[in-house]
Every structure is written in C-alpha cells, then in structure tokens.
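Below is one structure, written out as structure tokens; comments come after it.
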Amino acid sequence: MVALCAALLAALAMCAMPAVSSAATRTDKSQNKRLARQAKSIKKVSNALTALAGTLANGSKGLDGRIKTIEDAAPAIVSGLTQLKDGLTQLKDGLTQAGAGLNSLKTLATSQEYGFGQVLVISAGPTVNAEGGSFVVTPDIPDTVQQAQTSQQFVAQNTGTLSVAYGVRSGESDGTGAANPAAMCRVWVMNEGDDLGQTAANGALGGVPFQPVNDKSPMTSTDGANAGFPFGLKTSGADADITTTLNTSVAVTAGDTYRVGMSCVDTSPDPNDPSA
C-alpha cells in the first residue's frame, strides 16, 4: 500500500503544468484558472496520500510489534495449555480410581454371608419340635478363609433327641451347588451329660467335621409369612431358607440345659472379588 501511494504521488507530480506567460489569451486565462484549481486539488490528494502512507507505515510497525508480542508469549501459552491438559488427565485418573474404590466398597458392602441354625427336638412319633428362640447365627463369614463361630446354651422345651436345621444366608456369588458351596460348616450339640453330636467327618478336608453348605439362602425376607425372621427360620415363599438337617442321638428332657454351636469357613475366597 505504501508503494502504491508513492506511485500515485509521482503521477500527480507529472500532472503539474508550467506557469503561463502574461501574454496569454482570454481562453488561456480561463484554462489556467481551471488548472490552478486542479493543482490545489492534486496537492490536497498528495497530502492525504502522504499522511496515509505514514499511517500505514506506523500501523505496520504496530502490527509487527503485536505479532512479536504474541510470538514471545506463545511458549508460555503452550506450556500453560500442556499443564492444563496434564492436570485434567490427573483429575480423570483420580476420578477413575475413586470410581473403582466406590465399586469395591459397594461389592464389599454386599459381600456378606453368615451361618444359621434352628434347634429341633425329635420326640416320639416321631414329632419334630422347633425349639422356639433356640436359634444360632454366626458372625459374617470372612473372605480370608477364617472361621466364623458361635455357641449358645438353651433350655429344652421338649423331650427327645437334639437336631439342628442349618444353612448359610448369603449375598455373595457362591452357594450355587456342590461345585461352588457357600461355605463349609460344623454344627454340634451337647446335653447336660456332655454327650456330643456333630456333623460327620469330611475325608476331603482331612477328617474334620465340616460339611459343605451347597446352596445359599436369601439374606433377608420380605414375605409377611416369615414373621419369625430374624429369630428363626424363614419357611415361606421364595425367601425360605434352604437347610440341611443334623440328626443326633443326644437326648434331652424338657427343662434340661444343652449347648449348640456352629462354625463356618468360606473356602472359595478371591482377593480380587470379595463376593466370591
């Protein structure tokens, strides 16, 4: 643009007319007046173009300065954006880890199971009498292959031989059959004469009296008919307990005291899945 203005100035200079002589005709005088007016106009245009050229030159310098400032700031801008990206990546990783932790807590919170047993007395007939209130529950069975144990003493309400209907209530993923039992449990009863009855020895476990509870029972019940829960067996509907019965020859007489105990261990723990 500056070059264009210079060219225009040169062209205007070429348009300048030499001064006329005093002997000019009337027509020449009229023409000279018009040329004088045009010369003034050309001078105004020349001045305007000169000013424009200066403005453009100064503007170019200003633009160069702004561009230089931006170029100087570019590394800091790039560094800041990189740091922002790294920060967002770290935040994303942190949120991912937090999500995984919450999922682990959720899994852990729902990974509960415990053994339960309802004492029965088998009297003549035979008649099966559930001993009301004579119900045992183990603590939560750990996922570290440790036993959860309980034992209590009760007073016999009926005369006959002691028996226990037992099982495992579980929210875990095992307990789906013989290949994946909920737990291995030992159940025992003892009367005032210290006669002991317990689950049979398990050769697969080296002879210890722990037997598998293959099928888990629901943890809780929403069936109104199971009003005795959690102080007795759930016997109604889909929430009913799945039990195995320990029958013994340990005799009791109504009014006698006796003891009952239960120990359970989960033999299928998974360090990556506490619900196993």
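The chains in the structure tokens are called A, B, ... from first to last as shown; in each chain the residues are counted from 1, and the ligands are counted from 1 in the order shown.
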Residues at most 7 Å from Glu131 (chain A), counting only C-alpha atoms, excluding those fewer than 5 positions away in the same chain, as a ChimeraX atom specification? /A:119-121,157
Preceding selection exported with C-alpha atoms as an mmCIF file, in the first residue's frame:
```cif
data_model
loop_
_atom_site.group_PDB
_atom_site.id
_atom_site.type_symbol
_atom_site.label_atom_id
_atom_site.label_comp_id
_atom_site.auth_asym_id
_atom_site.auth_seq_id
_atom_site.Cartn_x
_atom_site.Cartn_y
_atom_site.Cartn_z
ATOM 1 C CA VAL A 119 -32.560 -76.292 67.137
ATOM 2 C CA LEU A 120 -35.111 -79.078 66.852
ATOM 3 C CA VAL A 121 -36.122 -81.801 69.297
ATOM 4 C CA GLN A 157 -38.764 -77.202 75.784
#
```
What's around Ser249 (chain A) at 9 Å? Count only C-alpha atoms, leave out sequence neighbours fewer than 3 positions away in its own chain, and write the answer as a PyMOL selection string. chain A and resi 160-163+195-197
Put those residues in a file: N, CA and C atoms, as a JSON list (two decimals), in the first residue's frame.
```json
[["chain", "number", "residue", "atom", "x", "y", "z"],
["A", 160, "GLY", "N", -36.77, -85.48, 73.95],
["A", 160, "GLY", "CA", -36.46, -86.24, 72.76],
["A", 160, "GLY", "C", -34.98, -86.16, 72.45],
["A", 161, "THR", "N", -34.63, -86.21, 71.19],
["A", 161, "THR", "CA", -33.22, -86.09, 70.78],
["A", 161, "THR", "C", -33.01, -84.78, 70.03],
["A", 162, "LEU", "N", -31.82, -84.23, 70.21],
["A", 162, "LEU", "CA", -31.49, -82.93, 69.62],
["A", 162, "LEU", "C", -31.19, -83.04, 68.13],
["A", 163, "SER", "N", -31.60, -82.04, 67.39],
["A", 163, "SER", "CA", -31.32, -81.95, 65.96],
["A", 163, "SER", "C", -31.18, -80.47, 65.62],
["A", 195, "ASP", "N", -22.86, -85.43, 76.31],
["A", 195, "ASP", "CA", -22.97, -86.24, 75.09],
["A", 195, "ASP", "C", -22.90, -85.29, 73.89],
["A", 196, "LEU", "N", -22.06, -85.63, 72.94],
["A", 196, "LEU", "CA", -21.80, -84.74, 71.79],
["A", 196, "LEU", "C", -22.34, -85.35, 70.51],
["A", 197, "GLY", "N", -23.01, -84.52, 69.75],
["A", 197, "GLY", "CA", -23.41, -84.90, 68.41],
["A", 197, "GLY", "C", -22.99, -83.78, 67.46]]
```
Run DSSP on the backbone of this structure and report the residues of region 209-268 of chain A it assigns to strand (DSSP E or B), as a ChimeraX atom specification. /A:211-213,215,217,244-252,257-265
Those residues with C-alpha atoms, as an mmCIF file, in the first residue's frame please?
```cif
data_model
loop_
_atom_site.group_PDB
_atom_site.id
_atom_site.type_symbol
_atom_site.label_atom_id
_atom_site.label_comp_id
_atom_site.auth_asym_id
_atom_site.auth_seq_id
_atom_site.Cartn_x
_atom_site.Cartn_y
_atom_site.Cartn_z
ATOM 1 C CA GLN A 211 -19.663 -80.345 55.695
ATOM 2 C CA PRO A 212 -20.436 -78.198 52.651
ATOM 3 C CA VAL A 213 -23.494 -75.998 52.517
ATOM 4 C CA ASP A 215 -26.947 -73.871 48.295
ATOM 5 C CA SER A 217 -30.329 -68.964 51.369
ATOM 6 C CA THR A 244 -29.539 -79.328 55.917
ATOM 7 C CA THR A 245 -30.536 -81.307 58.999
ATOM 8 C CA LEU A 246 -28.094 -82.626 61.578
ATOM 9 C CA ASN A 247 -29.738 -85.565 63.334
ATOM 10 C CA THR A 248 -28.154 -86.884 66.530
ATOM 11 C CA SER A 249 -28.831 -89.345 69.328
ATOM 12 C CA VAL A 250 -28.128 -86.763 72.020
ATOM 13 C CA ALA A 251 -31.098 -86.978 74.396
ATOM 14 C CA VAL A 252 -32.659 -84.131 76.335
ATOM 15 C CA THR A 257 -29.945 -77.263 79.537
ATOM 16 C CA TYR A 258 -27.983 -78.009 76.405
ATOM 17 C CA ARG A 259 -25.455 -76.228 74.213
ATOM 18 C CA VAL A 260 -25.323 -75.783 70.476
ATOM 19 C CA GLY A 261 -22.524 -74.392 68.344
ATOM 20 C CA MET A 262 -21.736 -73.587 64.729
ATOM 21 C CA SER A 263 -18.537 -72.747 62.821
ATOM 22 C CA CYS A 264 -18.353 -71.825 59.121
ATOM 23 C CA VAL A 265 -15.493 -71.062 56.757
#
```
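For the residues A:Ser236, A:Thr159, A:Ser268, A:Thr199, ranking by smallest atom-to-atom distance to Ile122 (chain A) using only C-alpha atoms places A:Thr159 first.
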Running DSSP on the backbone, which parts of region 67-270 of chain A land in helix (DSSP H, G or I), as a ChimeraX atom specification? /A:67-110,203-205,237-239
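Counting from CA of Asp174 (chain A), the distance to CA of Asn214 (chain A) is 8.7 Å.
For the choices A:Gly237, A:Gly133, A:Gly193, A:Gly115, the atom-to-atom distance to Phe154 (chain A) is smallest for A:Gly133 when using only C-alpha atoms.
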For Ala183 (chain A), work out the shell of residues within 12 Å, counting only C-alpha atoms and skipping chain neighbours fewer than 4 positions away, then give it as a CSV table (one decimal) with all heavy atoms, in the first residue's frame.
```
chain,number,residue,atom,x,y,z
A,112,GLN,N,-21.7,-60.3,52.0
A,112,GLN,CA,-22.0,-60.8,53.4
A,112,GLN,C,-22.6,-62.2,53.4
A,112,GLN,O,-23.4,-62.5,52.5
A,112,GLN,CB,-22.9,-59.8,54.1
A,112,GLN,CG,-22.2,-58.4,54.3
A,112,GLN,CD,-23.2,-57.4,54.9
A,112,GLN,OE1,-24.4,-57.7,55.0
A,112,GLN,NE2,-22.6,-56.3,55.4
A,113,GLU,N,-22.2,-63.0,54.3
A,113,GLU,CA,-22.9,-64.3,54.5
A,113,GLU,C,-22.6,-64.7,55.9
A,113,GLU,O,-21.6,-64.4,56.6
A,113,GLU,CB,-22.3,-65.3,53.5
A,113,GLU,CG,-20.8,-65.5,53.6
A,113,GLU,CD,-20.2,-66.4,52.5
A,113,GLU,OE1,-21.0,-66.9,51.7
A,113,GLU,OE2,-19.0,-66.6,52.5
A,114,TYR,N,-23.6,-65.5,56.4
A,114,TYR,CA,-23.4,-66.0,57.8
A,114,TYR,C,-24.2,-67.3,57.9
A,114,TYR,O,-25.1,-67.6,57.2
A,114,TYR,CB,-24.0,-65.0,58.8
A,114,TYR,CG,-25.4,-64.7,58.7
A,114,TYR,CD1,-26.4,-65.4,59.3
A,114,TYR,CD2,-25.9,-63.6,57.9
A,114,TYR,CE1,-27.8,-65.1,59.2
A,114,TYR,CE2,-27.2,-63.3,57.7
A,114,TYR,CZ,-28.2,-64.0,58.4
A,114,TYR,OH,-29.5,-63.7,58.3
A,115,GLY,N,-23.7,-68.2,58.9
A,115,GLY,CA,-24.3,-69.4,59.1
A,115,GLY,C,-25.5,-69.3,60.1
A,115,GLY,O,-25.4,-68.4,61.0
A,116,PHE,N,-26.5,-70.1,60.0
A,116,PHE,CA,-27.6,-70.1,60.9
A,116,PHE,C,-28.1,-71.5,61.3
A,116,PHE,O,-27.8,-72.4,60.5
A,116,PHE,CB,-28.8,-69.3,60.4
A,116,PHE,CG,-29.4,-69.9,59.1
A,116,PHE,CD1,-30.4,-70.8,59.2
A,116,PHE,CD2,-28.9,-69.6,57.9
A,116,PHE,CE1,-31.0,-71.4,58.1
A,116,PHE,CE2,-29.4,-70.2,56.7
A,116,PHE,CZ,-30.5,-71.1,56.8
A,140,ASP,N,-20.4,-62.6,60.4
A,140,ASP,CA,-20.1,-62.6,59.0
A,140,ASP,C,-18.9,-63.5,58.7
A,140,ASP,O,-17.9,-63.4,59.4
A,140,ASP,CB,-19.9,-61.2,58.5
A,140,ASP,CG,-19.6,-61.2,57.0
A,140,ASP,OD1,-20.5,-61.6,56.3
A,140,ASP,OD2,-18.6,-60.7,56.6
A,141,ILE,N,-19.1,-64.4,57.7
A,141,ILE,CA,-18.0,-65.3,57.4
A,141,ILE,C,-16.9,-64.6,56.6
A,141,ILE,O,-17.2,-64.1,55.5
A,141,ILE,CB,-18.5,-66.5,56.6
A,141,ILE,CG1,-19.7,-67.2,57.4
A,141,ILE,CG2,-17.4,-67.5,56.3
A,141,ILE,CD1,-20.4,-68.3,56.6
A,142,PRO,N,-15.7,-64.5,57.1
A,142,PRO,CA,-14.7,-63.7,56.5
A,142,PRO,C,-14.3,-64.3,55.1
A,142,PRO,O,-14.4,-65.5,54.8
A,142,PRO,CB,-13.5,-63.8,57.4
A,142,PRO,CG,-14.0,-64.2,58.7
A,142,PRO,CD,-15.2,-65.1,58.4
A,143,ASP,N,-13.8,-63.4,54.2
A,143,ASP,CA,-13.3,-63.9,52.9
A,143,ASP,C,-11.8,-64.1,53.0
A,143,ASP,O,-11.1,-64.0,52.0
A,143,ASP,CB,-13.6,-62.8,51.9
A,143,ASP,CG,-15.1,-62.7,51.6
A,143,ASP,OD1,-15.7,-63.8,51.2
A,143,ASP,OD2,-15.7,-61.6,51.7
A,145,VAL,N,-10.6,-67.0,54.6
A,145,VAL,CA,-10.5,-68.5,55.0
A,145,VAL,C,-10.3,-68.6,56.5
A,145,VAL,O,-9.5,-69.4,57.0
A,145,VAL,CB,-9.4,-69.2,54.2
A,145,VAL,CG1,-9.6,-70.7,54.3
A,145,VAL,CG2,-9.3,-68.8,52.8
A,146,GLN,N,-11.1,-67.8,57.2
A,146,GLN,CA,-11.1,-67.8,58.7
A,146,GLN,C,-12.5,-68.2,59.1
A,146,GLN,O,-13.5,-67.9,58.5
A,146,GLN,CB,-10.7,-66.5,59.3
A,146,GLN,CG,-9.3,-66.1,59.1
A,146,GLN,CD,-9.0,-64.7,59.6
A,146,GLN,OE1,-9.8,-63.9,59.7
A,146,GLN,NE2,-7.7,-64.5,60.0
A,147,GLN,N,-12.6,-68.9,60.3
A,147,GLN,CA,-13.9,-69.4,60.8
A,147,GLN,C,-14.7,-68.3,61.4
A,147,GLN,O,-14.1,-67.4,62.1
A,147,GLN,CB,-13.7,-70.5,61.8
A,147,GLN,CG,-13.1,-71.8,61.2
A,147,GLN,CD,-13.0,-72.9,62.2
A,147,GLN,OE1,-13.8,-73.1,63.0
A,147,GLN,NE2,-11.9,-73.7,62.1
A,148,ALA,N,-16.0,-68.3,61.2
A,148,ALA,CA,-16.9,-67.5,62.0
A,148,ALA,C,-17.7,-68.5,62.9
A,148,ALA,O,-18.2,-69.5,62.4
A,148,ALA,CB,-17.9,-66.8,61.0
A,166,TYR,N,-29.8,-76.4,59.6
A,166,TYR,CA,-28.8,-75.3,59.5
A,166,TYR,C,-28.5,-74.9,58.0
A,166,TYR,O,-28.9,-75.7,57.1
A,166,TYR,CB,-27.5,-75.6,60.1
A,166,TYR,CG,-26.7,-76.8,59.5
A,166,TYR,CD1,-25.7,-76.5,58.5
A,166,TYR,CD2,-26.9,-78.1,59.8
A,166,TYR,CE1,-25.0,-77.6,57.9
A,166,TYR,CE2,-26.2,-79.1,59.3
A,166,TYR,CZ,-25.3,-78.9,58.3
A,166,TYR,OH,-24.6,-79.9,57.7
A,167,GLY,N,-28.0,-73.8,57.7
A,167,GLY,CA,-27.6,-73.4,56.4
A,167,GLY,C,-26.8,-72.1,56.4
A,167,GLY,O,-26.3,-71.7,57.5
A,168,VAL,N,-26.7,-71.5,55.3
A,168,VAL,CA,-25.9,-70.2,55.1
A,168,VAL,C,-26.8,-69.2,54.4
A,168,VAL,O,-27.2,-69.5,53.2
A,168,VAL,CB,-24.6,-70.4,54.4
A,168,VAL,CG1,-23.9,-69.1,54.1
A,168,VAL,CG2,-23.6,-71.3,55.3
A,169,ARG,N,-27.0,-68.1,55.0
A,169,ARG,CA,-27.6,-67.0,54.3
A,169,ARG,C,-26.5,-66.1,53.7
A,169,ARG,O,-25.6,-65.7,54.4
A,169,ARG,CB,-28.5,-66.1,55.2
A,169,ARG,CG,-29.7,-66.9,55.7
A,169,ARG,CD,-30.4,-66.1,56.8
A,169,ARG,NE,-31.6,-66.9,57.3
A,169,ARG,CZ,-32.2,-66.6,58.5
A,169,ARG,NH1,-31.8,-65.6,59.3
A,169,ARG,NH2,-33.2,-67.3,58.9
A,170,SER,N,-26.6,-65.8,52.4
A,170,SER,CA,-25.5,-65.2,51.7
A,170,SER,C,-26.0,-64.2,50.6
A,170,SER,O,-27.0,-64.4,49.9
A,170,SER,CB,-24.6,-66.3,51.0
A,170,SER,OG,-23.6,-65.7,50.3
A,172,GLU,N,-23.4,-63.3,48.6
A,172,GLU,CA,-22.2,-63.5,47.7
A,172,GLU,C,-22.6,-64.3,46.5
A,172,GLU,O,-23.7,-64.8,46.3
A,172,GLU,CB,-21.1,-64.1,48.5
A,172,GLU,CG,-20.6,-63.2,49.6
A,172,GLU,CD,-19.3,-63.7,50.2
A,172,GLU,OE1,-18.7,-64.7,49.7
A,172,GLU,OE2,-18.7,-63.0,51.1
A,173,SER,N,-21.6,-64.5,45.6
A,173,SER,CA,-21.9,-65.2,44.3
A,173,SER,C,-21.7,-66.7,44.4
A,173,SER,O,-22.1,-67.4,43.4
A,173,SER,CB,-20.9,-64.6,43.2
A,173,SER,OG,-19.6,-64.8,43.6
A,174,ASP,N,-21.2,-67.2,45.5
A,174,ASP,CA,-21.1,-68.6,45.6
A,174,ASP,C,-22.3,-69.2,46.2
A,174,ASP,O,-23.4,-68.5,46.3
A,174,ASP,CB,-19.8,-69.0,46.5
A,174,ASP,CG,-19.8,-68.3,47.8
A,174,ASP,OD1,-20.8,-67.7,48.2
A,174,ASP,OD2,-18.8,-68.3,48.5
A,175,GLY,N,-22.3,-70.5,46.6
A,175,GLY,CA,-23.5,-71.1,47.1
A,175,GLY,C,-24.5,-71.5,46.0
A,175,GLY,O,-25.7,-71.5,46.2
A,176,THR,N,-23.9,-72.0,44.9
A,176,THR,CA,-24.8,-72.3,43.7
A,176,THR,C,-24.8,-73.8,43.4
A,176,THR,O,-25.2,-74.2,42.3
A,176,THR,CB,-24.3,-71.5,42.5
A,176,THR,OG1,-23.0,-71.8,42.2
A,176,THR,CG2,-24.5,-70.0,42.7
A,177,GLY,N,-24.3,-74.6,44.4
A,177,GLY,CA,-24.3,-76.1,44.1
A,177,GLY,C,-23.0,-76.7,44.7
A,177,GLY,O,-22.2,-76.1,45.3
A,178,ALA,N,-22.9,-78.0,44.5
A,178,ALA,CA,-21.8,-78.8,45.0
A,178,ALA,C,-20.5,-78.3,44.5
A,178,ALA,O,-19.5,-78.4,45.2
A,178,ALA,CB,-22.0,-80.3,44.7
A,179,ALA,N,-20.4,-77.8,43.3
A,179,ALA,CA,-19.2,-77.4,42.7
A,179,ALA,C,-18.7,-76.0,43.3
A,179,ALA,O,-17.6,-75.6,43.1
A,179,ALA,CB,-19.2,-77.3,41.2
A,210,PHE,N,-16.5,-80.8,59.1
A,210,PHE,CA,-17.1,-79.7,58.4
A,210,PHE,C,-17.7,-80.2,57.1
A,210,PHE,O,-17.0,-80.9,56.3
A,210,PHE,CB,-16.0,-78.6,58.0
A,210,PHE,CG,-15.7,-77.7,59.2
A,210,PHE,CD1,-14.8,-78.1,60.2
A,210,PHE,CD2,-16.2,-76.4,59.2
A,210,PHE,CE1,-14.5,-77.3,61.2
A,210,PHE,CE2,-15.8,-75.6,60.3
A,210,PHE,CZ,-15.0,-76.0,61.3
A,211,GLN,N,-19.0,-79.9,56.9
A,211,GLN,CA,-19.7,-80.3,55.7
A,211,GLN,C,-20.1,-79.1,54.8
A,211,GLN,O,-20.3,-78.1,55.4
A,211,GLN,CB,-20.9,-81.1,56.1
A,211,GLN,CG,-20.6,-82.5,56.8
A,211,GLN,CD,-19.9,-83.4,55.8
A,211,GLN,OE1,-20.2,-83.5,54.6
A,211,GLN,NE2,-19.0,-84.2,56.4
A,212,PRO,N,-20.1,-79.3,53.5
A,212,PRO,CA,-20.4,-78.2,52.7
A,212,PRO,C,-21.9,-77.8,52.7
A,212,PRO,O,-22.8,-78.7,52.8
A,212,PRO,CB,-20.1,-78.7,51.3
A,212,PRO,CG,-20.2,-80.2,51.4
A,212,PRO,CD,-19.8,-80.6,52.8
A,213,VAL,N,-22.1,-76.5,52.7
A,213,VAL,CA,-23.5,-76.0,52.5
A,213,VAL,C,-23.5,-75.6,51.1
A,213,VAL,O,-23.0,-74.5,50.7
A,213,VAL,CB,-23.8,-74.8,53.5
A,213,VAL,CG1,-25.2,-74.2,53.2
A,213,VAL,CG2,-23.7,-75.3,54.9
A,214,ASN,N,-24.1,-76.4,50.2
A,214,ASN,CA,-24.0,-76.2,48.8
A,214,ASN,C,-24.8,-75.0,48.3
A,214,ASN,O,-24.4,-74.2,47.4
A,214,ASN,CB,-24.4,-77.5,48.0
A,214,ASN,CG,-23.5,-78.6,48.3
A,214,ASN,OD1,-22.3,-78.4,48.5
A,214,ASN,ND2,-24.0,-79.8,48.2
A,215,ASP,N,-26.0,-74.9,48.8
A,215,ASP,CA,-26.9,-73.9,48.3
A,215,ASP,C,-27.2,-72.8,49.3
A,215,ASP,O,-27.6,-73.1,50.5
A,215,ASP,CB,-28.3,-74.5,47.9
A,215,ASP,CG,-28.1,-75.5,46.8
A,215,ASP,OD1,-27.4,-75.2,45.8
A,215,ASP,OD2,-28.5,-76.7,46.9
A,216,LYS,N,-27.0,-71.5,49.0
A,216,LYS,CA,-27.2,-70.4,49.9
A,216,LYS,C,-28.7,-70.1,50.0
A,216,LYS,O,-29.5,-70.4,49.1
A,216,LYS,CB,-26.4,-69.2,49.4
A,216,LYS,CG,-26.9,-68.7,48.0
A,216,LYS,CD,-26.1,-67.6,47.5
A,216,LYS,CE,-26.5,-67.2,46.1
A,216,LYS,NZ,-25.6,-66.2,45.5
A,217,SER,N,-29.0,-69.5,51.1
A,217,SER,CA,-30.3,-69.0,51.4
A,217,SER,C,-30.3,-67.5,51.2
A,217,SER,O,-29.3,-66.8,51.4
A,217,SER,CB,-30.8,-69.3,52.8
A,217,SER,OG,-30.8,-70.7,53.0
A,263,SER,N,-19.7,-73.4,63.4
A,263,SER,CA,-18.5,-72.7,62.8
A,263,SER,C,-18.6,-72.9,61.3
A,263,SER,O,-18.9,-74.0,60.8
A,263,SER,CB,-17.3,-73.4,63.3
A,263,SER,OG,-17.2,-73.3,64.7
A,264,CYS,N,-18.3,-71.8,60.6
A,264,CYS,CA,-18.4,-71.8,59.1
A,264,CYS,C,-17.1,-71.1,58.6
A,264,CYS,O,-16.6,-70.2,59.2
A,264,CYS,CB,-19.6,-71.1,58.6
A,264,CYS,SG,-21.2,-72.0,58.9
A,265,VAL,N,-16.6,-71.7,57.4
A,265,VAL,CA,-15.5,-71.1,56.8
A,265,VAL,C,-15.7,-71.1,55.3
A,265,VAL,O,-16.3,-72.0,54.7
A,265,VAL,CB,-14.2,-71.8,57.1
A,265,VAL,CG1,-14.3,-73.3,56.7
A,265,VAL,CG2,-13.0,-71.2,56.5
A,266,ASP,N,-15.4,-70.0,54.6
A,266,ASP,CA,-15.5,-69.8,53.2
A,266,ASP,C,-14.2,-70.3,52.5
A,266,ASP,O,-13.2,-69.7,52.7
A,266,ASP,CB,-15.8,-68.4,52.8
A,266,ASP,CG,-16.2,-68.2,51.3
A,266,ASP,OD1,-15.9,-69.1,50.5
A,266,ASP,OD2,-16.7,-67.1,51.0
A,267,THR,N,-14.3,-71.4,51.8
A,267,THR,CA,-13.1,-72.0,51.2
A,267,THR,C,-12.9,-71.6,49.7
A,267,THR,O,-12.1,-72.1,49.0
A,267,THR,CB,-13.1,-73.5,51.3
A,267,THR,OG1,-14.3,-74.0,50.6
A,267,THR,CG2,-13.1,-74.0,52.7
A,268,SER,N,-13.7,-70.5,49.3
A,268,SER,CA,-13.5,-70.1,47.9
A,268,SER,C,-13.3,-68.6,47.8
A,268,SER,O,-14.0,-67.9,47.0
A,268,SER,CB,-14.7,-70.5,47.0
A,268,SER,OG,-15.9,-69.9,47.6
A,269,PRO,N,-12.4,-68.1,48.6
A,269,PRO,CA,-12.1,-66.6,48.5
A,269,PRO,C,-11.4,-66.2,47.3
A,269,PRO,O,-10.7,-67.0,46.7
A,269,PRO,CB,-11.3,-66.3,49.8
A,269,PRO,CG,-10.5,-67.6,49.9
A,269,PRO,CD,-11.4,-68.7,49.5
A,276,ALA,N,-16.8,-63.5,46.1
A,276,ALA,CA,-16.7,-64.9,45.7
A,276,ALA,C,-16.9,-65.9,46.8
A,276,ALA,O,-16.7,-65.5,48.0
A,276,ALA,CB,-15.3,-65.1,45.1
```
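The interatomic distance for the pair CA of Cys185 (chain A) and CA of Pro209 (chain A) works out to 8.1 Å.
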Straight-line distance linking CA of Thr235 (chain A) with CA of Gly171 (chain A), stated in Å to one decimal: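 According to the coordinates, CA of Thr235 (chain A) and CA of Gly171 (chain A) are separated by 18.5 Å.
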From the options A:Asp194, A:Gln152, A:Pro218, A:Gly203, which residue's atoms come nearest to Pro230 (chain A), counting only C-alpha atoms?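 Among the listed residues, A:Pro218 lies closest to Pro230 (chain A).
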